[in-house]
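Peer 1: Provided below: protein38.cif, containing mmCIF, C-alpha atoms and all ligand atoms.
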data_protein
#
loop_
_atom_site.group_PDB
_atom_site.id
_atom_site.type_symbol
_atom_site.label_atom_id
_atom_site.label_comp_id
_atom_site.auth_asym_id
_atom_site.auth_seq_id
_atom_site.Cartn_x
_atom_site.Cartn_y
_atom_site.Cartn_z
ATOM 1 C CA MET A 1 74.435 94.272 59.167
ATOM 2 C CA PRO A 2 77.870 95.197 60.579
ATOM 3 C CA ARG A 3 80.609 92.637 60.278
ATOM 4 C CA ASP A 4 81.372 90.271 63.165
ATOM 5 C CA ARG A 5 83.967 92.130 65.255
ATOM 6 C CA SER A 6 85.637 88.899 66.335
ATOM 7 C CA LEU A 7 86.934 88.616 62.760
ATOM 8 C CA PRO A 8 90.206 90.341 61.868
ATOM 9 C CA PRO A 9 89.961 93.810 60.292
ATOM 10 C CA ARG A 10 89.356 93.649 56.573
ATOM 11 C CA ARG A 11 91.989 95.917 55.183
ATOM 12 C CA PHE A 12 93.939 98.994 56.014
ATOM 13 C CA LEU A 13 93.582 101.180 53.003
ATOM 14 C CA GLY A 14 95.877 103.869 54.351
ATOM 15 C CA THR A 15 98.882 101.656 53.744
ATOM 16 C CA ARG A 16 98.466 101.922 49.956
ATOM 17 C CA PRO A 17 99.689 104.927 47.947
ATOM 18 C CA GLU A 18 96.329 106.184 46.667
ATOM 19 C CA ALA A 19 94.532 104.917 49.724
ATOM 20 C CA VAL A 20 91.634 106.307 51.675
ATOM 21 C CA SER A 21 92.751 108.022 54.842
ATOM 22 C CA LEU A 22 90.250 109.321 57.395
ATOM 23 C CA PRO A 23 87.550 111.698 56.174
ATOM 24 C CA TRP A 24 88.527 115.380 55.697
ATOM 25 C CA THR A 25 92.231 114.573 55.377
ATOM 26 C CA ASP A 26 94.622 112.581 53.231
ATOM 27 C CA ALA A 27 97.522 110.215 53.728
ATOM 28 C CA ALA A 28 100.190 112.900 53.298
ATOM 29 C CA ARG A 29 98.624 115.281 55.799
ATOM 30 C CA MET A 30 98.013 112.436 58.227
ATOM 31 C CA LEU A 31 101.596 111.234 58.102
ATOM 32 C CA GLU A 32 102.913 114.772 58.565
ATOM 33 C CA GLN A 33 100.656 116.000 61.373
ATOM 34 C CA CYS A 34 99.344 113.004 63.304
ATOM 35 C CA THR A 35 100.949 112.145 66.652
ATOM 36 C CA ALA A 36 99.066 108.846 66.924
ATOM 37 C CA CYS A 37 97.459 109.990 70.174
ATOM 38 C CA GLY A 38 94.450 107.759 69.531
ATOM 39 C CA ALA A 39 91.799 110.338 70.455
ATOM 40 C CA CYS A 40 89.976 109.832 67.161
ATOM 41 C CA VAL A 41 89.974 106.070 67.651
ATOM 42 C CA ASP A 42 88.261 106.445 71.019
ATOM 43 C CA ALA A 43 85.826 109.066 69.704
ATOM 44 C CA CYS A 44 84.553 107.159 66.672
ATOM 45 C CA PRO A 45 81.045 105.875 67.516
ATOM 46 C CA GLN A 46 81.293 103.316 64.723
ATOM 47 C CA ASP A 47 84.476 101.836 66.211
ATOM 48 C CA ILE A 48 86.084 101.682 62.786
ATOM 49 C CA LEU A 49 89.410 103.370 63.488
ATOM 50 C CA GLN A 50 92.637 101.723 64.524
ATOM 51 C CA ILE A 51 96.168 103.005 65.057
ATOM 52 C CA VAL A 52 98.446 101.215 62.601
ATOM 53 C CA GLY A 53 102.167 100.772 63.075
ATOM 54 C CA GLY A 54 102.109 103.152 66.036
ATOM 55 C CA THR A 55 102.081 106.072 63.610
ATOM 56 C CA HIS A 56 98.569 106.963 62.424
ATOM 57 C CA PRO A 57 94.934 105.819 62.405
ATOM 58 C CA GLU A 58 93.286 104.053 59.514
ATOM 59 C CA VAL A 59 89.713 103.042 58.753
ATOM 60 C CA THR A 60 89.099 99.318 59.109
ATOM 61 C CA PHE A 61 85.649 99.328 57.449
ATOM 62 C CA THR A 62 84.277 96.761 59.840
ATOM 63 C CA ASP A 63 81.248 99.065 59.631
ATOM 64 C CA ALA A 64 80.268 102.164 57.662
ATOM 65 C CA CYS A 65 81.593 105.659 58.282
ATOM 66 C CA THR A 66 78.620 107.902 59.059
ATOM 67 C CA PHE A 67 80.661 111.085 58.481
ATOM 68 C CA CYS A 68 79.687 112.263 61.945
ATOM 69 C CA ALA A 69 82.996 114.196 62.205
ATOM 70 C CA ALA A 70 83.716 113.057 65.779
ATOM 71 C CA CYS A 71 87.266 112.155 64.712
ATOM 72 C CA ALA A 72 87.930 115.555 63.175
ATOM 73 C CA GLU A 73 86.390 117.448 66.086
ATOM 74 C CA ILE A 74 88.430 115.723 68.776
ATOM 75 C CA CYS A 75 91.807 115.813 66.996
ATOM 76 C CA PRO A 76 94.219 118.235 68.734
ATOM 77 C CA GLU A 77 96.530 118.462 65.719
ATOM 78 C CA ASP A 78 96.207 120.060 62.276
ATOM 79 C CA VAL A 79 95.229 116.808 60.593
ATOM 80 C CA PHE A 80 91.728 117.567 59.341
ATOM 81 C CA ASP A 81 90.215 120.181 57.048
ATOM 82 C CA ILE A 82 86.545 120.004 57.947
ATOM 83 C CA GLU A 83 85.688 122.318 55.041
ATOM 84 C CA ARG A 84 86.691 119.573 52.620
ATOM 85 C CA ASP A 85 83.617 118.562 50.611
ATOM 86 C CA PRO A 86 83.126 115.719 50.026
ATOM 87 C CA PRO A 87 85.007 114.370 53.073
ATOM 88 C CA TRP A 88 86.884 112.026 50.747
ATOM 89 C CA ASP A 89 86.680 111.267 47.049
ATOM 90 C CA ALA A 90 86.835 107.489 47.288
ATOM 91 C CA VAL A 91 84.107 105.299 45.837
ATOM 92 C CA ALA A 92 83.312 101.621 46.040
ATOM 93 C CA GLN A 93 84.833 99.186 43.590
ATOM 94 C CA ILE A 94 83.484 95.677 43.092
ATOM 95 C CA GLY A 95 86.201 93.108 42.412
ATOM 96 C CA SER A 96 86.094 89.953 40.343
ATOM 97 C CA GLY A 97 85.460 87.865 43.467
ATOM 98 C CA CYS A 98 81.869 89.150 43.632
ATOM 99 C CA LEU A 99 79.531 86.184 44.106
ATOM 100 C CA GLU A 100 76.900 87.618 41.734
ATOM 101 C CA HIS A 101 79.571 87.694 39.038
ATOM 102 C CA GLN A 102 79.920 83.946 39.522
ATOM 103 C CA GLY A 103 76.198 83.240 39.392
ATOM 104 C CA VAL A 104 75.690 83.006 43.165
ATOM 105 C CA SER A 105 72.915 85.146 44.622
ATOM 106 C CA CYS A 106 74.130 87.629 47.232
ATOM 107 C CA ARG A 107 73.536 91.387 46.727
ATOM 108 C CA ALA A 108 74.498 92.152 50.346
ATOM 109 C CA CYS A 109 76.255 95.305 49.139
ATOM 110 C CA GLU A 110 73.169 96.524 47.304
ATOM 111 C CA ASP A 111 71.046 95.957 50.404
ATOM 112 C CA SER A 112 73.515 97.837 52.616
ATOM 113 C CA CYS A 113 73.744 100.924 50.423
ATOM 114 C CA GLU A 114 71.529 103.704 51.786
ATOM 115 C CA ALA A 115 72.545 105.938 48.891
ATOM 116 C CA ARG A 116 71.199 103.311 46.455
ATOM 117 C CA ALA A 117 74.395 103.585 44.465
ATOM 118 C CA LEU A 118 74.691 99.866 43.716
ATOM 119 C CA ARG A 119 72.432 97.920 41.394
ATOM 120 C CA ALA A 120 72.674 94.354 40.101
ATOM 121 C CA ARG A 121 72.632 94.201 36.309
ATOM 122 C CA PRO A 122 71.648 90.704 35.115
ATOM 123 C CA GLN A 123 73.850 89.291 32.377
ATOM 124 C CA ILE A 124 73.249 86.583 29.789
ATOM 125 C CA GLY A 125 74.068 83.210 31.371
ATOM 126 C CA GLY A 126 72.551 83.832 34.798
ATOM 127 C CA THR A 127 75.268 85.990 36.342
ATOM 128 C CA SER A 128 74.949 89.630 37.383
ATOM 129 C CA VAL A 129 77.307 92.577 37.506
ATOM 130 C CA MET A 130 77.039 94.990 40.429
ATOM 131 C CA ALA A 131 76.982 98.405 38.782
ATOM 132 C CA LEU A 132 78.009 101.485 40.758
ATOM 133 C CA ASP A 133 76.612 104.973 40.336
ATOM 134 C CA THR A 134 79.777 106.882 41.179
ATOM 135 C CA GLU A 135 77.876 110.161 41.527
ATOM 136 C CA ALA A 136 75.619 108.671 44.200
ATOM 137 C CA CYS A 137 78.336 106.775 46.087
ATOM 138 C CA THR A 138 79.410 108.604 49.252
ATOM 139 C CA GLY A 139 82.272 106.210 50.012
ATOM 140 C CA CYS A 140 80.704 105.299 53.343
ATOM 141 C CA GLY A 141 82.066 101.755 53.190
ATOM 142 C CA ALA A 142 78.872 99.989 54.285
ATOM 143 C CA CYS A 143 79.195 97.689 51.272
ATOM 144 C CA VAL A 144 82.796 96.872 52.228
ATOM 145 C CA SER A 145 81.728 95.799 55.700
ATOM 146 C CA VAL A 146 78.998 93.392 54.566
ATOM 147 C CA CYS A 147 80.631 91.624 51.608
ATOM 148 C CA PRO A 148 81.117 87.977 52.620
ATOM 149 C CA VAL A 149 84.017 87.427 50.212
ATOM 150 C CA ASP A 150 85.916 90.732 50.599
ATOM 151 C CA ALA A 151 85.178 91.663 46.995
ATOM 152 C CA VAL A 152 84.510 95.339 47.704
ATOM 153 C CA THR A 153 87.154 97.987 48.292
ATOM 154 C CA LEU A 154 87.113 101.745 48.439
ATOM 155 C CA GLN A 155 89.346 103.304 45.813
ATOM 156 C CA ARG A 156 90.329 106.849 45.070
ATOM 157 C CA PRO A 157 89.990 107.896 41.435
ATOM 158 C CA GLN A 158 93.270 107.455 39.597
ATOM 159 C CA PRO A 159 95.106 110.776 39.168
ATOM 160 C CA GLN A 160 94.704 112.095 35.626
ATOM 161 C CA ARG A 161 97.886 111.701 33.575
ATOM 162 C CA SER A 162 99.346 114.946 32.279
ATOM 163 C CA GLU A 163 99.164 113.746 28.658
ATOM 164 C CA ASP A 164 95.440 112.999 29.169
ATOM 165 C CA ALA A 165 94.820 116.496 30.448
ATOM 166 C CA ALA A 166 96.641 118.146 27.534
HETATM 167 S S1 LIG A 201 83.417 110.579 60.688
HETATM 168 FE FE1 LIG A 201 82.532 109.590 62.509
HETATM 169 S S2 LIG A 201 82.069 107.485 61.865
HETATM 170 FE FE2 LIG A 201 83.504 108.351 60.354
HETATM 171 S S3 LIG A 201 85.575 107.751 61.074
HETATM 172 FE FE3 LIG A 201 85.152 109.821 61.892
HETATM 173 S S4 LIG A 201 84.286 109.423 63.923
HETATM 174 FE FE4 LIG A 201 84.141 107.488 62.783
HETATM 175 S S1 LIG A 202 93.213 112.455 67.065
HETATM 176 FE FE1 LIG A 202 94.446 113.420 65.421
HETATM 177 S S2 LIG A 202 96.584 113.321 66.159
HETATM 178 FE FE2 LIG A 202 95.369 111.869 67.409
HETATM 179 S S3 LIG A 202 95.586 109.873 66.329
HETATM 180 FE FE3 LIG A 202 93.709 110.849 65.568
HETATM 181 S S4 LIG A 202 94.368 111.949 63.694
HETATM 182 FE FE4 LIG A 202 96.235 111.486 64.891
HETATM 183 S S1 LIG A 203 80.511 103.011 49.697
HETATM 184 FE FE1 LIG A 203 78.472 103.443 50.670
HETATM 185 S S2 LIG A 203 77.406 104.764 49.153
HETATM 186 FE FE2 LIG A 203 79.141 103.766 48.050
HETATM 187 S S3 LIG A 203 78.263 101.902 47.141
HETATM 188 FE FE3 LIG A 203 79.117 101.315 49.143
HETATM 189 S S4 LIG A 203 77.371 101.446 50.585
HETATM 190 FE FE4 LIG A 203 76.806 102.617 48.713
#
Kindly present the structure from the file in structure tokens form.

Peer 2:
Amino acid sequence: MPRDRSLPPRRFLGTRPEAVSLPWTDAARMLEQCTACGACVDACPQDILQIVGGTHPEVTFTDACTFCAACAEICPEDVFDIERDPPWDAVAQIGSGCLEHQGVSCRACEDSCEARALRARPQIGGTSVMALDTEACTGCGACVSVCPVDAVTLQRPQPQRSEDAA
């Protein structure tokens, strides 16, 4: 179930260095090319985009991104690369505030995940850990929108350190 729109937006991931920008683009390209015209905001059928700081749009994750590409198709600037596959490389991350982790039954994220990428793993002592299948996760953000305690974020994989790659 989508989040109550009378509540403030959850988070603006584009304001963080390794943040999720819109699909088929990235923060650097967005900041360089976007004129903040707002066309993508108006075009998004999920109503999950918002112009931030008068400079660029970000995803609010008040609902899931369906990857419909309406934002990319309407944009008059060179912001998007629609050939990018997957549209973004971010996946869900469950934080320590998860209710299941504290022994309280919830699993709203698991129920919201059409890709079936989230599964509760019961632990000794009556708590559960929400385990993510990163291969199955599309980064749609449905789980972000339904979490009652804001325990879910979308995160990009950390860049590999050069010494790790050697
Ligand atoms: S792909 Fe579609 S649902 Fe996702 S942000 Fe763009 S317009 Fe909205
Ligand atoms: S349609 Fe393109 S240029 Fe306009 S706000 Fe959206 S990303 Fe920026
Ligand atoms: S981001 Fe989407 S696909 Fe990934 S775990 Fe959440 S609901 Fe499932």

Peer 1: Taking the file as shown, find all residues satisfying the PyMOL selection byres (((chain A and resi 38-49) around 9) and not hetatm) and write them as a JSON list (two decimals) with C-alpha atoms, keeping the file's coordinate frame.

Peer 2:
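Okay, part16.json is ready:
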[["chain", "number", "residue", "atom", "x", "y", "z"],
["A", 22, "LEU", "CA", 90.25, 109.32, 57.40],
["A", 35, "THR", "CA", 100.95, 112.14, 66.65],
["A", 36, "ALA", "CA", 99.07, 108.85, 66.92],
["A", 37, "CYS", "CA", 97.46, 109.99, 70.17],
["A", 50, "GLN", "CA", 92.64, 101.72, 64.52],
["A", 51, "ILE", "CA", 96.17, 103.00, 65.06],
["A", 56, "HIS", "CA", 98.57, 106.96, 62.42],
["A", 57, "PRO", "CA", 94.93, 105.82, 62.40],
["A", 58, "GLU", "CA", 93.29, 104.05, 59.51],
["A", 59, "VAL", "CA", 89.71, 103.04, 58.75],
["A", 60, "THR", "CA", 89.10, 99.32, 59.11],
["A", 61, "PHE", "CA", 85.65, 99.33, 57.45],
["A", 62, "THR", "CA", 84.28, 96.76, 59.84],
["A", 63, "ASP", "CA", 81.25, 99.06, 59.63],
["A", 64, "ALA", "CA", 80.27, 102.16, 57.66],
["A", 65, "CYS", "CA", 81.59, 105.66, 58.28],
["A", 66, "THR", "CA", 78.62, 107.90, 59.06],
["A", 68, "CYS", "CA", 79.69, 112.26, 61.94],
["A", 69, "ALA", "CA", 83.00, 114.20, 62.20],
["A", 70, "ALA", "CA", 83.72, 113.06, 65.78],
["A", 71, "CYS", "CA", 87.27, 112.16, 64.71],
["A", 72, "ALA", "CA", 87.93, 115.56, 63.18],
["A", 73, "GLU", "CA", 86.39, 117.45, 66.09],
["A", 74, "ILE", "CA", 88.43, 115.72, 68.78],
["A", 75, "CYS", "CA", 91.81, 115.81, 67.00],
["A", 76, "PRO", "CA", 94.22, 118.24, 68.73]]

Peer 1: Give the answer as one residue: which of A:Phe80, A:Thr127, A:Val52, A:Ser96 has the shortest atom-to-atom distance to Met30 (chain A), using only C-alpha atoms?

Peer 2: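 Using only C-alpha atoms, Met30 (chain A) sits closest to A:Phe80.
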
Peer 1: Rounded to one decimal, what separation in Å do you get between CA of Asp150 (chain A) and CA of Thr55 (chain A)?

Peer 2: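 So the two atoms, CA of Asp150 (chain A) and CA of Thr55 (chain A), lie 25.8 Å apart.
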
Peer 1: Would you compute the box with edges along x, y and z of the file around ligand LIG 203 (chain A), including every atom the file lists for it and 8 Å extra on each side, and give its centre and edge lengths in Å to one decimal, as AutoDock Vina command-line options?

Peer 2:
--center_x 78.7 --center_y 103.0 --center_z 48.9 --size_x 19.7 --size_y 19.4 --size_z 19.5

Peer 1: Go ahead and compute the interatomic distance for CA of Ala151 (chain A) and CA of Ala136 (chain A), in Å to one decimal.

Peer 2: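 Going from CA of Ala151 (chain A) over to CA of Ala136 (chain A) covers 19.7 Å.
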
Peer 1: Could you tell me which of A:Cys137, A:Ile82, A:Ile124, A:Ala131 comes closest to Ile94 (chain A) if we count only C-alpha atoms?

Peer 2: A:Ala131

Peer 1: If you count all atoms listed in the file, which residues fall within 9 Å of Pro148 (chain A), apart from same-chain ones fewer than 3 positions away, as JSON, numbers by chain?

Peer 2: {"A": [3, 99, 106, 108, 145, 151]}

Peer 1: List, as a CSV table (one decimal) with C-alpha atoms, in the frame of the given file, every residue that the PyMOL selection byres (((chain A and resi 155) around 6) and not hetatm) selects in the file provided.

Peer 2:
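Contents of expr-v1.csv, freshly written:
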chain,number,residue,atom,x,y,z
A,90,ALA,CA,86.8,107.5,47.3
A,91,VAL,CA,84.1,105.3,45.8
A,154,LEU,CA,87.1,101.7,48.4
A,156,ARG,CA,90.3,106.8,45.1

Peer 1: Closest to ligand LIG 201 (chain A) among A:Asp26, A:Val152, A:Phe67, A:Asp133, using all atoms listed in the file?

Peer 2: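 Nearest candidate to ligand LIG 201 (chain A) out of A:Asp26, A:Val152, A:Phe67, A:Asp133: A:Phe67.
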
Peer 1: Let me make sure I understand: among A:Arg121, A:Cys147, A:Ala92, A:Gly103, which one has the smallest atom-to-atom distance to ligand LIG 203 (chain A) if we use all atoms listed in the file?

Peer 2: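 Looking only at the distances to ligand LIG 203 (chain A), the closest residue turns out to be A:Ala92.
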
Peer 1: Would you work out the distance separating CA of Gly95 (chain A) from CA of Arg119 (chain A), expressed in Å to one decimal?

Peer 2: 14.6 Å

Peer 1: Ranking A:Leu118, A:Leu132, A:Asp78, A:Ser105 by minimum distance to ligand LIG 202 (chain A) and counting all atoms listed in the file, which one comes first?

Peer 2: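 Distance minimum relative to ligand LIG 202 (chain A) lands on A:Asp78.
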
Peer 1: Could you give me the residues within 6 Å of ligand LIG 203 (chain A), counting all atoms listed in the file, as a list in words?

Peer 2: Val91, Ala92, Ser112, Cys113, Ala115, Ala117, Leu118, Cys137, Thr138, Gly139, Cys140, Gly141, Ala142 and Cys143 of chain A

Peer 1: Nearest to Cys98 (chain A) among A:Met130, A:Pro122, A:Asp81, A:Asp111, with distances taken over all atoms listed in the file: which residue is it?

Peer 2: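 Answer, going by the shortest atom-to-atom distance: A:Met130.
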
Peer 1: Some atoms are missing, so please complete region 139-150 of chain A with N, CA and C atoms and return it as a PDB file, in the frame of the given file.

Peer 2:
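Heads up, here's the output in rebuild.pdb:
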ATOM      1  N   GLY A 139      81.063 106.819  49.467  1.00  0.00           N
ATOM      2  CA  GLY A 139      82.272 106.210  50.012  1.00  0.00           C
ATOM      3  C   GLY A 139      82.136 105.841  51.474  1.00  0.00           C
ATOM      4  N   CYS A 140      80.923 105.580  51.912  1.00  0.00           N
ATOM      5  CA  CYS A 140      80.704 105.299  53.343  1.00  0.00           C
ATOM      6  C   CYS A 140      81.318 103.972  53.786  1.00  0.00           C
ATOM      7  N   GLY A 141      81.455 103.033  52.863  1.00  0.00           N
ATOM      8  CA  GLY A 141      82.066 101.755  53.190  1.00  0.00           C
ATOM      9  C   GLY A 141      81.118 100.708  53.753  1.00  0.00           C
ATOM     10  N   ALA A 142      79.822 100.995  53.791  1.00  0.00           N
ATOM     11  CA  ALA A 142      78.872  99.989  54.285  1.00  0.00           C
ATOM     12  C   ALA A 142      78.961  98.708  53.457  1.00  0.00           C
ATOM     13  N   CYS A 143      79.121  98.856  52.154  1.00  0.00           N
ATOM     14  CA  CYS A 143      79.195  97.689  51.272  1.00  0.00           C
ATOM     15  C   CYS A 143      80.462  96.883  51.527  1.00  0.00           C
ATOM     16  N   VAL A 144      81.543  97.571  51.904  1.00  0.00           N
ATOM     17  CA  VAL A 144      82.796  96.872  52.228  1.00  0.00           C
ATOM     18  C   VAL A 144      82.575  95.975  53.439  1.00  0.00           C
ATOM     19  N   SER A 145      81.869  96.518  54.428  1.00  0.00           N
ATOM     20  CA  SER A 145      81.728  95.799  55.700  1.00  0.00           C
ATOM     21  C   SER A 145      80.849  94.558  55.595  1.00  0.00           C
ATOM     22  N   VAL A 146      79.930  94.527  54.627  1.00  0.00           N
ATOM     23  CA  VAL A 146      78.998  93.392  54.566  1.00  0.00           C
ATOM     24  C   VAL A 146      79.385  92.321  53.543  1.00  0.00           C
ATOM     25  N   CYS A 147      80.311  92.599  52.662  1.00  0.00           N
ATOM     26  CA  CYS A 147      80.631  91.624  51.608  1.00  0.00           C
ATOM     27  C   CYS A 147      81.241  90.356  52.215  1.00  0.00           C
ATOM     28  N   PRO A 148      80.630  89.201  51.992  1.00  0.00           N
ATOM     29  CA  PRO A 148      81.117  87.977  52.620  1.00  0.00           C
ATOM     30  C   PRO A 148      82.409  87.433  52.022  1.00  0.00           C
ATOM     31  N   VAL A 149      82.805  87.953  50.851  1.00  0.00           N
ATOM     32  CA  VAL A 149      84.017  87.427  50.212  1.00  0.00           C
ATOM     33  C   VAL A 149      85.063  88.524  49.975  1.00  0.00           C
ATOM     34  N   ASP A 150      84.936  89.643  50.700  1.00  0.00           N
ATOM     35  CA  ASP A 150      85.916  90.732  50.599  1.00  0.00           C
ATOM     36  C   ASP A 150      86.129  91.208  49.162  1.00  0.00           C
TER      37      ASP A 150
END
